$ cat query17.pdb   # PDB, C-alpha atoms
ATOM      1  CA  MET A   1      53.757 -33.330  28.690
ATOM      2  CA  THR A   2      57.064 -31.700  29.549
ATOM      3  CA  LYS A   3      57.206 -28.537  31.658
ATOM      4  CA  ASN A   4      58.129 -26.415  28.616
ATOM      5  CA  LYS A   5      55.239 -27.769  26.618
ATOM      6  CA  LYS A   6      52.858 -27.020  29.500
ATOM      7  CA  ILE A   7      54.054 -23.414  29.666
ATOM      8  CA  ILE A   8      53.624 -23.009  25.910
ATOM      9  CA  TYR A   9      50.129 -24.531  26.156
ATOM     10  CA  VAL A  10      49.045 -22.185  28.974
ATOM     11  CA  LEU A  11      50.586 -19.131  27.309
ATOM     12  CA  GLY A  12      48.833 -20.080  24.076
ATOM     13  CA  ILE A  13      45.488 -20.168  25.843
ATOM     14  CA  VAL A  14      46.182 -16.816  27.584
ATOM     15  CA  LEU A  15      47.186 -15.222  24.268
ATOM     16  CA  ALA A  16      44.123 -16.642  22.518
ATOM     17  CA  THR A  17      41.919 -15.309  25.352
ATOM     18  CA  VAL A  18      43.448 -11.819  25.104
ATOM     19  CA  ILE A  19      42.942 -11.830  21.320
ATOM     20  CA  ALA A  20      39.329 -13.023  21.799
ATOM     21  CA  VAL A  21      38.604 -10.170  24.250
ATOM     22  CA  ALA A  22      40.159  -7.603  21.889
ATOM     23  CA  LEU A  23      38.166  -9.060  19.006
ATOM     24  CA  ALA A  24      34.951  -8.856  21.078
ATOM     25  CA  VAL A  25      35.593  -5.168  21.809
ATOM     26  CA  ILE A  26      36.251  -4.471  18.111
ATOM     27  CA  VAL A  27      33.147  -6.419  17.026
ATOM     28  CA  PHE A  28      30.951  -4.672  19.624
ATOM     29  CA  TYR A  29      32.017  -1.091  18.913
ATOM     30  CA  GLY A  30      32.270  -1.803  15.178
ATOM     31  CA  GLY A  31      28.715  -3.118  15.241
ATOM     32  CA  ILE A  32      27.446  -0.032  17.071
ATOM     33  CA  THR A  33      29.249   2.259  14.618
ATOM     34  CA  ILE A  34      27.806   0.415  11.599
ATOM     35  CA  LEU A  35      24.303   0.588  13.109
ATOM     36  CA  ALA A  36      24.698   4.308  13.818
ATOM     37  CA  PHE A  37      25.859   5.052  10.261
ATOM     38  CA  ASN A  38      23.018   2.951   8.825
ATOM     39  CA  GLU A  39      20.630   5.116  10.839
ATOM     40  CA  LEU A  40      22.358   8.198   9.483
ATOM     41  CA  GLY A  41      21.943   6.985   5.915
ATOM     42  CA  GLY A  42      18.417   5.641   6.270
TER      43      GLY A  42
ATOM     44  CA  MET B   1      44.968 -35.060  30.142
ATOM     45  CA  SER B   2      44.109 -36.448  26.723
ATOM     46  CA  LYS B   3      44.896 -34.512  23.546
ATOM     47  CA  ARG B   4      41.169 -34.161  22.813
ATOM     48  CA  LYS B   5      40.525 -32.546  26.224
ATOM     49  CA  LYS B   6      43.429 -30.150  25.737
ATOM     50  CA  ILE B   7      42.026 -28.986  22.392
ATOM     51  CA  ILE B   8      38.546 -28.518  23.859
ATOM     52  CA  ILE B   9      39.920 -26.393  26.739
ATOM     53  CA  ALA B  10      42.117 -24.369  24.371
ATOM     54  CA  VAL B  11      39.079 -23.525  22.234
ATOM     55  CA  ALA B  12      36.473 -23.156  25.001
ATOM     56  CA  ILE B  13      38.360 -20.569  27.086
ATOM     57  CA  PRO B  14      38.921 -17.951  24.291
ATOM     58  CA  VAL B  15      35.401 -18.499  22.917
ATOM     59  CA  SER B  16      33.919 -18.008  26.415
ATOM     60  CA  ALA B  17      36.063 -14.885  26.899
ATOM     61  CA  PHE B  18      34.760 -13.523  23.575
ATOM     62  CA  LEU B  19      31.118 -14.159  24.485
ATOM     63  CA  ILE B  20      31.454 -12.879  28.080
ATOM     64  CA  THR B  21      33.132  -9.672  26.834
ATOM     65  CA  ILE B  22      30.334  -9.065  24.305
ATOM     66  CA  LEU B  23      27.739  -9.709  27.024
ATOM     67  CA  CYS B  24      29.432  -7.393  29.540
ATOM     68  CA  LEU B  25      29.832  -4.585  26.996
ATOM     69  CA  SER B  26      26.170  -4.955  26.008
ATOM     70  CA  LEU B  27      25.091  -4.707  29.642
ATOM     71  CA  ILE B  28      27.357  -1.700  30.295
ATOM     72  CA  TYR B  29      26.086   0.008  27.147
ATOM     73  CA  ALA B  30      22.420  -0.829  27.686
ATOM     74  CA  ALA B  31      22.129  -0.232  31.437
ATOM     75  CA  PRO B  32      22.058   3.606  31.281
ATOM     76  CA  LEU B  33      19.528   3.397  28.417
ATOM     77  CA  TRP B  34      17.278   1.112  30.478
ATOM     78  CA  ILE B  35      17.551   3.410  33.510
ATOM     79  CA  GLU B  36      16.753   6.447  31.348
ATOM     80  CA  HIS B  37      13.829   4.635  29.716
ATOM     81  CA  TYR B  38      12.477   3.615  33.145
ATOM     82  CA  HIS B  39      12.839   7.176  34.446
ATOM     83  CA  ARG B  40      11.018   8.619  31.438
ATOM     84  CA  ARG B  41       8.080   6.205  31.226
ATOM     85  CA  GLY B  42       4.804   8.023  30.895
ATOM     86  CA  TRP B  43       6.439  11.223  29.661
ATOM     87  CA  THR B  44       4.567  13.264  27.071
ATOM     88  CA  LYS B  45       6.193  15.288  24.305
ATOM     89  CA  LEU B  46       5.892  18.362  26.540
ATOM     90  CA  ASP B  47       7.868  16.606  29.289
ATOM     91  CA  PHE B  48      10.623  15.791  26.793
ATOM     92  CA  ILE B  49      10.710  19.394  25.582
ATOM     93  CA  GLU B  50      11.004  20.643  29.170
ATOM     94  CA  TYR B  51      13.846  18.208  29.836
ATOM     95  CA  GLN B  52      15.651  18.863  26.567
ATOM     96  CA  TRP B  53      15.508  22.648  26.736
ATOM     97  CA  GLU B  54      15.570  23.121  30.514
ATOM     98  CA  ILE B  55      12.411  25.201  30.440
ATOM     99  CA  SER B  56       9.050  25.050  32.143
ATOM    100  CA  LEU B  57       5.948  24.670  30.004
ATOM    101  CA  SER B  58       2.327  24.965  31.037
ATOM    102  CA  LYS B  59       1.065  21.396  30.837
ATOM    103  CA  GLU B  60      -2.307  21.810  32.545
ATOM    104  CA  ASP B  61      -5.227  21.921  30.125
ATOM    105  CA  ALA B  62      -2.810  21.259  27.266
ATOM    106  CA  ILE B  63      -3.642  18.804  24.513
ATOM    107  CA  ILE B  64      -0.992  17.885  21.955
ATOM    108  CA  GLU B  65      -2.747  18.152  18.605
ATOM    109  CA  TYR B  66       0.123  17.445  16.258
ATOM    110  CA  ASN B  67       3.763  16.442  16.321
ATOM    111  CA  PHE B  68       6.229  15.946  13.500
ATOM    112  CA  SER B  69       9.895  15.097  13.663
ATOM    113  CA  ASN B  70      12.544  14.897  10.977
ATOM    114  CA  ARG B  71      15.462  14.421  13.339
ATOM    115  CA  ASN B  72      17.191  11.903  11.099
ATOM    116  CA  GLY B  73      20.800  12.697  11.894
ATOM    117  CA  PHE B  74      23.218  10.531  13.874
ATOM    118  CA  HIS B  75      23.267  13.097  16.678
ATOM    119  CA  GLY B  76      19.539  13.826  16.454
ATOM    120  CA  ASP B  77      19.996  16.749  14.076
ATOM    121  CA  GLY B  78      16.813  18.028  12.494
ATOM    122  CA  GLU B  79      13.582  19.697  13.442
ATOM    123  CA  GLU B  80      10.567  18.914  15.593
ATOM    124  CA  TYR B  81       7.246  20.669  15.360
ATOM    125  CA  THR B  82       4.528  20.366  17.992
ATOM    126  CA  VAL B  83       1.098  21.976  18.109
ATOM    127  CA  CYS B  84      -0.473  22.209  21.524
ATOM    128  CA  LYS B  85      -4.019  23.407  22.190
ATOM    129  CA  TYR B  86      -5.042  24.946  25.532
ATOM    130  CA  SER B  87      -8.591  24.888  26.908
ATOM    131  CA  THR B  88      -7.772  27.848  29.190
ATOM    132  CA  ARG B  89      -5.163  30.495  28.547
ATOM    133  CA  PRO B  90      -2.010  29.896  30.644
ATOM    134  CA  ASP B  91      -1.514  33.553  31.599
ATOM    135  CA  LYS B  92       1.343  32.935  34.037
ATOM    136  CA  PHE B  93       3.248  30.886  31.465
ATOM    137  CA  LEU B  94       2.776  33.638  28.880
ATOM    138  CA  GLU B  95       4.294  36.337  31.099
ATOM    139  CA  ASN B  96       7.712  35.909  29.439
ATOM    140  CA  PHE B  97       6.343  35.985  25.901
ATOM    141  CA  GLU B  98       6.527  39.093  23.742
ATOM    142  CA  LYS B  99       5.131  40.475  20.514
ATOM    143  CA  ASP B 100       7.396  40.254  17.484
ATOM    144  CA  SER B 101       7.790  44.022  17.203
ATOM    145  CA  ASP B 102      11.132  43.949  15.376
ATOM    146  CA  GLY B 103      10.476  40.803  13.313
ATOM    147  CA  LYS B 104      13.306  38.755  14.829
ATOM    148  CA  TYR B 105      11.053  35.783  15.686
ATOM    149  CA  THR B 106       9.440  35.753  12.245
ATOM    150  CA  GLU B 107      12.916  35.795  10.719
ATOM    151  CA  LYS B 108      13.926  32.797  12.847
ATOM    152  CA  TYR B 109      10.707  30.965  11.963
ATOM    153  CA  ASN B 110      11.169  31.627   8.251
ATOM    154  CA  ARG B 111      14.740  30.339   8.503
ATOM    155  CA  ILE B 112      13.661  27.068  10.116
ATOM    156  CA  LEU B 113      10.462  26.559   8.064
ATOM    157  CA  PRO B 114      12.141  25.140   4.906
ATOM    158  CA  LEU B 115      14.096  22.695   7.087
ATOM    159  CA  MET B 116      10.865  21.467   8.700
ATOM    160  CA  LYS B 117       9.434  20.704   5.276
ATOM    161  CA  THR B 118      12.078  18.073   4.494
ATOM    162  CA  LYS B 119      11.061  14.416   4.758
ATOM    163  CA  ASN B 120      11.857  12.316   7.801
ATOM    164  CA  LYS B 121      13.355   8.812   7.931
ATOM    165  CA  HIS B 122       9.895   7.291   7.436
ATOM    166  CA  ASN B 123       9.600   9.257   4.168
ATOM    167  CA  GLU B 124       6.865  11.420   5.701
ATOM    168  CA  TYR B 125       6.455  15.148   5.237
ATOM    169  CA  ILE B 126       5.025  17.679   7.645
ATOM    170  CA  ASP B 127       1.282  18.343   7.343
ATOM    171  CA  GLU B 128       1.471  21.896   6.016
ATOM    172  CA  SER B 129      -2.099  22.615   7.135
ATOM    173  CA  LYS B 130      -0.773  22.411  10.726
ATOM    174  CA  LEU B 131       1.802  25.154  10.126
ATOM    175  CA  PHE B 132       1.001  28.733  11.063
ATOM    176  CA  SER B 133       1.585  32.102   9.497
ATOM    177  CA  PRO B 134       3.203  34.714  11.731
ATOM    178  CA  ASP B 135       0.784  37.566  12.477
ATOM    179  CA  ASP B 136      -0.077  40.101  15.180
ATOM    180  CA  ASN B 137      -2.031  37.557  17.257
ATOM    181  CA  LEU B 138       1.140  35.697  18.154
ATOM    182  CA  VAL B 139       3.384  36.172  21.151
ATOM    183  CA  TRP B 140       6.830  34.606  21.063
ATOM    184  CA  GLN B 141       9.659  33.255  23.111
ATOM    185  CA  SER B 142      12.883  31.610  22.035
ATOM    186  CA  LYS B 143      15.873  29.879  23.522
ATOM    187  CA  ILE B 144      19.234  28.937  22.057
ATOM    188  CA  MET B 145      21.222  26.046  23.498
ATOM    189  CA  ASN B 146      24.598  24.464  22.715
ATOM    190  CA  GLY B 147      25.510  27.331  20.433
ATOM    191  CA  ASN B 148      23.073  26.842  17.582
ATOM    192  CA  CYS B 149      20.082  24.695  18.634
ATOM    193  CA  THR B 150      16.987  26.870  18.607
ATOM    194  CA  LEU B 151      13.695  26.514  20.427
ATOM    195  CA  LEU B 152      10.932  28.781  19.208
ATOM    196  CA  LEU B 153       7.616  29.083  21.007
ATOM    197  CA  ALA B 154       4.742  30.928  19.381
ATOM    198  CA  TYR B 155       1.410  31.292  21.168
ATOM    199  CA  ASP B 156      -1.667  32.242  19.182
ATOM    200  CA  GLU B 157      -3.867  34.276  21.537
ATOM    201  CA  ARG B 158      -6.824  33.965  19.188
ATOM    202  CA  SER B 159      -7.006  30.172  19.194
ATOM    203  CA  ASP B 160      -5.065  29.500  22.433
ATOM    204  CA  THR B 161      -2.616  27.328  20.552
ATOM    205  CA  LEU B 162       1.065  26.934  21.307
ATOM    206  CA  TYR B 163       3.374  26.142  18.404
ATOM    207  CA  ILE B 164       6.695  24.626  19.434
ATOM    208  CA  ILE B 165       9.508  24.585  16.893
ATOM    209  CA  GLU B 166      12.733  22.811  17.778
ATOM    210  CA  ASN B 167      15.774  23.108  15.556
ATOM    211  CA  PHE B 168      18.681  20.823  16.444
ATOM    212  CA  MET B 169      21.979  21.373  14.623
TER     213      MET B 169
END
$ encode --input "query17.pdb" --output "structure tokens"
Amino acid sequence: MTKNKKIIYVLGIVLATVIAVALAVIVFYGGITILAFNELGG
Amino acid sequence: MSKRKKIIIAVAIPVSAFLITILCLSLIYAAPLWIEHYHRRGWTKLDFIEYQWEISLSKEDAIIEYNFSNRNGFHGDGEEYTVCKYSTRPDKFLENFEKDSDGKYTEKYNRILPLMKTKNKHNEYIDESKLFSPDDNLVWQSKIMNGNCTLLLAYDERSDTLYIIENFM
């Protein structure tokens, strides 16, 4: 693996990790909001 | 490093980050609820009313006969009705109560009464036989919090019964 390829690989993992964390936050608070509105309706 | 290993690492790290974030958020969200639940274990409805309304109730010789809640809203909007029977009259507690000479308490009660008769989230309705009719035997006290939440206390001196009406808006 060349140095450039290594950098791209590591940056790819970092970017994927950041996206995963953001997605987790959205899923968590989205889930809470959906549960709360279900309670409101039910 | 083989190509297979590289793919596994590239997938495992974001997936772990996703799961760890969900776990941490759950713990952060749940921890205060657990602490609150632990602090409030063994509380009766009267304890909750005291805490909610920042008042002091007479809890000695008090037996909760009936409780109904239709607080169905997202923010706990709705009404709660509690009937509490005393074996001895709590004279000290009743010092701040007054007769409804100008009808203001009856007016408040009549305003909240139709709201109490709506069904709750379990599709239950209040037992209307547990409701009371305002008369001269009652002494009253009320408290308003957060602008428009109303607590109404009515004590029947004839039957030594305290009626607690909570209206959350």
$ resolve_selection --input "query17.pdb" --expression "the PyMOL selection byres ((chain A) within 6 of (chain B))" --output "list in words"
Ile13, Ala16, Thr17, Ala20, Val21, Ala24 and Leu40 of chain A
$ resolve_selection --input "query17.pdb" --expression "the PyMOL selection byres ((chain B and resi 94) around 12)" --output "PDB file with C-alpha atoms, keeping the file's coordinate frame"
ATOM      1  CA  SER B  56       9.050  25.050  32.143  1.00  0.00           C
ATOM      2  CA  LEU B  57       5.948  24.670  30.004  1.00  0.00           C
ATOM      3  CA  SER B  58       2.327  24.965  31.037  1.00  0.00           C
ATOM      4  CA  ARG B  89      -5.163  30.495  28.547  1.00  0.00           C
ATOM      5  CA  PRO B  90      -2.010  29.896  30.644  1.00  0.00           C
ATOM      6  CA  ASP B  91      -1.514  33.553  31.599  1.00  0.00           C
ATOM      7  CA  LYS B  92       1.343  32.935  34.037  1.00  0.00           C
ATOM      8  CA  PHE B  93       3.248  30.886  31.465  1.00  0.00           C
ATOM      9  CA  GLU B  95       4.294  36.337  31.099  1.00  0.00           C
ATOM     10  CA  ASN B  96       7.712  35.909  29.439  1.00  0.00           C
ATOM     11  CA  PHE B  97       6.343  35.985  25.901  1.00  0.00           C
ATOM     12  CA  GLU B  98       6.527  39.093  23.742  1.00  0.00           C
ATOM     13  CA  LYS B  99       5.131  40.475  20.514  1.00  0.00           C
ATOM     14  CA  LEU B 138       1.140  35.697  18.154  1.00  0.00           C
ATOM     15  CA  VAL B 139       3.384  36.172  21.151  1.00  0.00           C
ATOM     16  CA  TRP B 140       6.830  34.606  21.063  1.00  0.00           C
ATOM     17  CA  GLN B 141       9.659  33.255  23.111  1.00  0.00           C
ATOM     18  CA  LEU B 153       7.616  29.083  21.007  1.00  0.00           C
ATOM     19  CA  ALA B 154       4.742  30.928  19.381  1.00  0.00           C
ATOM     20  CA  TYR B 155       1.410  31.292  21.168  1.00  0.00           C
ATOM     21  CA  ASP B 156      -1.667  32.242  19.182  1.00  0.00           C
ATOM     22  CA  GLU B 157      -3.867  34.276  21.537  1.00  0.00           C
ATOM     23  CA  ASP B 160      -5.065  29.500  22.433  1.00  0.00           C
ATOM     24  CA  THR B 161      -2.616  27.328  20.552  1.00  0.00           C
ATOM     25  CA  LEU B 162       1.065  26.934  21.307  1.00  0.00           C
TER      26      LEU B 162
END
$ axis_aligned_box --input "query17.pdb" --around "region 63-81 of chain B" --padding-each-side "6 Å" --output "lines of an AutoDock Vina configuration file"
center_x = 9.8
center_y = 15.6
center_z = 17.7
size_x = 38.9
size_y = 22.1
size_z = 25.5
$ closest_residue --input "query17.pdb" --among "B:Ser69, B:Ser129, B:Thr106, B:Ser87" --to "Leu152 (chain B)" --atoms "all atoms listed in the file"
B:Thr106
$ residues_around --input "query17.pdb" --residues "Lys117 (chain B)" --least-positions-apart "4" --cutoff "9 Å" --atoms "only C-alpha atoms" --output "list in words"
Asn70, Leu113, Tyr125, Ile126, Asp127 and Glu128 of chain B
$ closest_residue --input "query17.pdb" --among "B:Gln52, B:Asn146, B:Ser159, B:Thr44" --to "Asn67 (chain B)" --atoms "all atoms listed in the file"
B:Thr44
$ build_atoms --input "query17.pdb" --residues "region 22-34 of chain A" --atoms "N, CA and C atoms" --output "PDB file, keeping the file's coordinate frame"
ATOM      1  N   ALA A  22      39.936  -8.758  22.782  1.00  0.00           N
ATOM      2  CA  ALA A  22      40.159  -7.603  21.889  1.00  0.00           C
ATOM      3  C   ALA A  22      39.212  -7.658  20.691  1.00  0.00           C
ATOM      4  N   LEU A  23      39.058  -8.860  20.157  1.00  0.00           N
ATOM      5  CA  LEU A  23      38.166  -9.060  19.006  1.00  0.00           C
ATOM      6  C   LEU A  23      36.719  -8.725  19.389  1.00  0.00           C
ATOM      7  N   ALA A  24      36.326  -9.133  20.602  1.00  0.00           N
ATOM      8  CA  ALA A  24      34.951  -8.856  21.078  1.00  0.00           C
ATOM      9  C   ALA A  24      34.715  -7.353  21.169  1.00  0.00           C
ATOM     10  N   VAL A  25      35.714  -6.632  21.688  1.00  0.00           N
ATOM     11  CA  VAL A  25      35.593  -5.168  21.809  1.00  0.00           C
ATOM     12  C   VAL A  25      35.454  -4.542  20.419  1.00  0.00           C
ATOM     13  N   ILE A  26      36.298  -5.011  19.481  1.00  0.00           N
ATOM     14  CA  ILE A  26      36.251  -4.471  18.111  1.00  0.00           C
ATOM     15  C   ILE A  26      34.894  -4.785  17.465  1.00  0.00           C
ATOM     16  N   VAL A  27      34.435  -6.010  17.619  1.00  0.00           N
ATOM     17  CA  VAL A  27      33.147  -6.419  17.026  1.00  0.00           C
ATOM     18  C   VAL A  27      32.008  -5.590  17.621  1.00  0.00           C
ATOM     19  N   PHE A  28      32.033  -5.399  18.950  1.00  0.00           N
ATOM     20  CA  PHE A  28      30.951  -4.672  19.624  1.00  0.00           C
ATOM     21  C   PHE A  28      30.903  -3.212  19.159  1.00  0.00           C
ATOM     22  N   TYR A  29      32.027  -2.510  19.283  1.00  0.00           N
ATOM     23  CA  TYR A  29      32.017  -1.091  18.913  1.00  0.00           C
ATOM     24  C   TYR A  29      31.897  -0.899  17.402  1.00  0.00           C
ATOM     25  N   GLY A  30      32.455  -1.843  16.631  1.00  0.00           N
ATOM     26  CA  GLY A  30      32.270  -1.803  15.178  1.00  0.00           C
ATOM     27  C   GLY A  30      30.809  -1.960  14.817  1.00  0.00           C
ATOM     28  N   GLY A  31      30.149  -2.889  15.484  1.00  0.00           N
ATOM     29  CA  GLY A  31      28.715  -3.118  15.241  1.00  0.00           C
ATOM     30  C   GLY A  31      27.885  -1.884  15.550  1.00  0.00           C
ATOM     31  N   ILE A  32      28.178  -1.248  16.693  1.00  0.00           N
ATOM     32  CA  ILE A  32      27.446  -0.032  17.071  1.00  0.00           C
ATOM     33  C   ILE A  32      27.659   1.070  16.030  1.00  0.00           C
ATOM     34  N   THR A  33      28.930   1.215  15.604  1.00  0.00           N
ATOM     35  CA  THR A  33      29.249   2.259  14.618  1.00  0.00           C
ATOM     36  C   THR A  33      28.510   2.008  13.307  1.00  0.00           C
ATOM     37  N   ILE A  34      28.499   0.749  12.854  1.00  0.00           N
ATOM     38  CA  ILE A  34      27.806   0.415  11.599  1.00  0.00           C
ATOM     39  C   ILE A  34      26.305   0.709  11.743  1.00  0.00           C
TER      40      ILE A  34
END
